[in-house]
Amino acid sequence: MAQPTTEQSTTASPLDALTLEAIAAGGKAALARALALLESSPDAGPTADLLTAAHQAPRAHVLGITGPPGVGKSTLLNTLIAVWRREGKTVGIIAVDPSSRRSGGALLGDRTRLKNDPDDQGVFVRSMAARDHLGGLAGLTTAAMVLMRALYDIVIVESVGVGQSETEIVSVADTVLFCVQPGSGDSLQYMKAGIAEIPHIIAVTKADMGAAAERARADVVGALSLGEHWDKWDVPVLKLSASRLQGIEELMNAIAAHAGHLDTDGRRSETRHHQAEAWLEDFVRERFGREGLRRAGRLSLAKGESPFARLAEIAERLGASR
């Protein structure tokens, strides 16, 4: 067999060998390597090819979960993962945490709070640091979500949940679940912050708190009546206790009902198209600044067009013009 030349060996990229088929065959280790390469070369040509292939082969329903710290998101995640695995569905999780000021890495590390069998190839957890993103998501969450969306039956994105600027979750998820904790005094405050406009489902956690949980649910229902919400979708407000498995079946039914709603009249494809355009604009602005965004020109996408292929073209053009 002929040996590769020095030039060939130095110009080859590890990403060149990664295809959806190879990642699926390689399991969690292959996916972890692919995600690391996406982070190091987000606008490279091979990255665009891989993500374009994934963008054109969506498989998963994407659930976004947000809410303040301590509301019980991780406990709920563990319960949902267990239910879906019993049903034979594969699950990918992107857990976005606050960042360490010193290292920039994920501060809490949801991987330590999620209980799953490391040998179970049907569950994959990836922690990401939010860094300077105020909207609750990491900069490369969309790229990771699109890749995992092509490999798993369910993808869950848990946002950072550190305050009132968590609305970015709607830019990556098909269904947004907002969690409210009884007795925290947050329910009306979060409604005033505009977060009531983004969820498709609201869950009052720790329902075993009794009267406090019922009051929190009543507060949320009242606040919802004051705002504008989704077209032809009534936001359900549920009470649940993940640790006691109360209300989980109702939540699963609500998630399935919203998935069915999206699959009616082309809502899912339209929503994902708008998400792709928003991601492209945000990434170009972050990568090249406002001047780069201006020079990039038209950023709208044709139906079915990959934002990742467009990004690679823009990055090459703007990089050459510097």
# chains A, B, ... in the order shown; residues from 1 in each chain; ligands from 1
>>> select_by_dssp(residues="stretch 125-318 of chain A", states="strand (DSSP E)", output="PyMOL selection string")
chain A and resi 125-129+154-158+175-180+201-204+237-239
>>> write_last_selection(atoms="C-alpha atoms", output="short mmCIF file (atom, residue, chain, number, x, y, z; two decimals), in the first residue's frame")
data_model
loop_
_atom_site.label_atom_id
_atom_site.label_comp_id
_atom_site.auth_asym_id
_atom_site.auth_seq_id
_atom_site.Cartn_x
_atom_site.Cartn_y
_atom_site.Cartn_z
CA VAL A 125 -24.69 13.82 28.13
CA ARG A 126 -22.66 16.84 27.07
CA SER A 127 -21.98 19.74 29.45
CA MET A 128 -21.32 23.15 27.94
CA ALA A 129 -20.26 26.42 29.54
CA ILE A 154 -34.98 12.70 21.82
CA VAL A 155 -32.61 15.61 22.42
CA ILE A 156 -32.91 17.61 25.63
CA VAL A 157 -31.32 21.05 26.04
CA GLU A 158 -31.21 22.28 29.62
CA THR A 175 -40.87 22.25 22.73
CA VAL A 176 -39.91 24.55 25.62
CA LEU A 177 -40.70 23.44 29.17
CA PHE A 178 -40.47 26.14 31.84
CA CYS A 179 -40.21 24.96 35.46
CA VAL A 180 -41.53 27.00 38.40
CA ILE A 201 -45.53 23.78 28.65
CA ILE A 202 -45.17 25.06 32.22
CA ALA A 203 -44.52 22.68 35.11
CA VAL A 204 -44.88 23.60 38.77
CA VAL A 237 -49.75 24.38 33.40
CA LEU A 238 -49.00 21.12 35.17
CA LYS A 239 -48.08 20.15 38.72
#
>>> residues_around(residues="A:Ala302", least_positions_apart="6", cutoff="12 Å", atoms="only C-alpha atoms", output="VMD selection string")
chain A and resid 270 273 to 274 276 to 277 310
>>> atom_distance(atom1="atom CA of A:Ser225", atom2="atom CA of A:Leu245")
28.7 Å
>>> residues_around(residues="A:Glu39", least_positions_apart="5", cutoff="10 Å", atoms="only C-alpha atoms", output="list in words")
Ala34, Thr47, Gly139, Leu140, Thr141, Ala143 and Ala144 of chain A
>>> residues_around(residues="A:Thr205", least_positions_apart="4", cutoff="8 Å", atoms="only C-alpha atoms", output="ChimeraX atom specification")
/A:71-72,179-182,213,239-242
>>> residues_around(residues="A:Gly27", least_positions_apart="4", cutoff="8 Å", atoms="only C-alpha atoms", output="PDB file with C-alpha atoms, in the first residue's frame")
ATOM      1  CA  ILE A  23     -20.277   8.748  14.429  1.00  0.00           C
ATOM      2  CA  LEU A  31     -19.723  11.734  19.186  1.00  0.00           C
ATOM      3  CA  GLN A 121     -24.972   3.788  24.425  1.00  0.00           C
TER       4      GLN A 121
END
>>> closest_residue(among="A:Val123, A:Gln56, A:Leu311, A:Thr90", to="A:Arg287", atoms="only C-alpha atoms")
A:Leu311
>>> atom_distance(atom1="atom CA of A:Ala54", atom2="atom CA of A:Leu77")
24.7 Å
>>> atom_distance(atom1="atom CA of A:Ile314", atom2="atom CA of A:Ser159")
28.6 Å
>>> closest_residue(among="A:Leu63, A:Leu51, A:Leu293, A:Ile81", to="A:Val170", atoms="only C-alpha atoms")
A:Leu63
>>> decode(residues="stretch 248-282 of chain A", atoms="N, CA and C atoms", output="tab-separated table (two decimals), in the first residue's frame")
chain	number	residue	atom	x	y	z
A	248	ILE	N	-45.82	12.83	35.99
A	248	ILE	CA	-44.89	12.57	34.89
A	248	ILE	C	-45.63	12.10	33.65
A	249	GLU	N	-46.63	11.25	33.83
A	249	GLU	CA	-47.39	10.78	32.67
A	249	GLU	C	-48.09	11.94	31.97
A	250	GLU	N	-48.66	12.87	32.75
A	250	GLU	CA	-49.31	14.04	32.16
A	250	GLU	C	-48.30	14.90	31.39
A	251	LEU	N	-47.09	15.04	31.95
A	251	LEU	CA	-46.06	15.82	31.27
A	251	LEU	C	-45.65	15.15	29.96
A	252	MET	N	-45.45	13.84	29.99
A	252	MET	CA	-45.08	13.11	28.77
A	252	MET	C	-46.18	13.26	27.71
A	253	ASN	N	-47.42	13.20	28.13
A	253	ASN	CA	-48.53	13.37	27.19
A	253	ASN	C	-48.54	14.77	26.60
A	254	ALA	N	-48.23	15.78	27.42
A	254	ALA	CA	-48.21	17.16	26.93
A	254	ALA	C	-47.08	17.36	25.92
A	255	ILE	N	-45.92	16.76	26.17
A	255	ILE	CA	-44.80	16.86	25.23
A	255	ILE	C	-45.17	16.19	23.90
A	256	ALA	N	-45.79	15.02	23.98
A	256	ALA	CA	-46.22	14.31	22.76
A	256	ALA	C	-47.29	15.10	22.02
A	257	ALA	N	-48.20	15.74	22.77
A	257	ALA	CA	-49.26	16.53	22.12
A	257	ALA	C	-48.67	17.72	21.39
A	258	HIS	N	-47.67	18.36	21.99
A	258	HIS	CA	-47.07	19.51	21.30
A	258	HIS	C	-46.26	19.06	20.09
A	259	ALA	N	-45.62	17.90	20.17
A	259	ALA	CA	-44.93	17.37	19.00
A	259	ALA	C	-45.92	17.12	17.86
A	260	GLY	N	-47.08	16.58	18.19
A	260	GLY	CA	-48.11	16.38	17.17
A	260	GLY	C	-48.61	17.69	16.61
A	261	HIS	N	-48.73	18.70	17.46
A	261	HIS	CA	-49.15	20.03	17.00
A	261	HIS	C	-48.15	20.59	15.99
A	262	LEU	N	-46.85	20.40	16.26
A	262	LEU	CA	-45.82	20.90	15.35
A	262	LEU	C	-45.85	20.19	14.00
A	263	ASP	N	-46.25	18.94	14.01
A	263	ASP	CA	-46.27	18.16	12.78
A	263	ASP	C	-47.53	18.41	11.95
A	264	THR	N	-48.35	19.36	12.37
A	264	THR	CA	-49.54	19.75	11.64
A	264	THR	C	-49.28	21.05	10.87
A	265	ASP	N	-49.67	21.08	9.62
A	265	ASP	CA	-49.58	22.29	8.80
A	265	ASP	C	-48.15	22.82	8.67
A	266	GLY	N	-47.16	21.95	8.73
A	266	GLY	CA	-45.78	22.36	8.48
A	266	GLY	C	-45.16	23.24	9.55
A	267	ARG	N	-45.73	23.23	10.75
A	267	ARG	CA	-45.22	24.14	11.80
A	267	ARG	C	-43.78	23.80	12.20
A	268	ARG	N	-43.46	22.52	12.26
A	268	ARG	CA	-42.11	22.14	12.70
A	268	ARG	C	-41.05	22.63	11.73
A	269	SER	N	-41.25	22.38	10.43
A	269	SER	CA	-40.26	22.81	9.45
A	269	SER	C	-40.14	24.32	9.39
A	270	GLU	N	-41.25	25.02	9.53
A	270	GLU	CA	-41.20	26.48	9.52
A	270	GLU	C	-40.45	27.02	10.74
A	271	THR	N	-40.73	26.44	11.90
A	271	THR	CA	-40.04	26.87	13.11
A	271	THR	C	-38.54	26.63	13.01
A	272	ARG	N	-38.16	25.46	12.53
A	272	ARG	CA	-36.74	25.14	12.43
A	272	ARG	C	-36.04	26.02	11.38
A	273	HIS	N	-36.76	26.40	10.34
A	273	HIS	CA	-36.18	27.30	9.34
A	273	HIS	C	-35.87	28.66	9.96
A	274	HIS	N	-36.79	29.20	10.73
A	274	HIS	CA	-36.56	30.49	11.39
A	274	HIS	C	-35.43	30.37	12.42
A	275	GLN	N	-35.34	29.25	13.10
A	275	GLN	CA	-34.26	29.04	14.05
A	275	GLN	C	-32.90	29.04	13.34
A	276	ALA	N	-32.84	28.39	12.17
A	276	ALA	CA	-31.58	28.33	11.42
A	276	ALA	C	-31.14	29.71	10.97
A	277	GLU	N	-32.08	30.53	10.51
A	277	GLU	CA	-31.73	31.89	10.10
A	277	GLU	C	-31.25	32.73	11.28
A	278	ALA	N	-31.91	32.58	12.42
A	278	ALA	CA	-31.52	33.34	13.61
A	278	ALA	C	-30.14	32.90	14.08
A	279	TRP	N	-29.85	31.60	14.05
A	279	TRP	CA	-28.55	31.10	14.46
A	279	TRP	C	-27.45	31.66	13.55
A	280	LEU	N	-27.68	31.65	12.26
A	280	LEU	CA	-26.68	32.13	11.31
A	280	LEU	C	-26.34	33.60	11.58
A	281	GLU	N	-27.37	34.42	11.75
A	281	GLU	CA	-27.12	35.84	12.02
A	281	GLU	C	-26.36	36.03	13.33
A	282	ASP	N	-26.77	35.31	14.37
A	282	ASP	CA	-26.10	35.45	15.67
A	282	ASP	C	-24.65	35.01	15.60
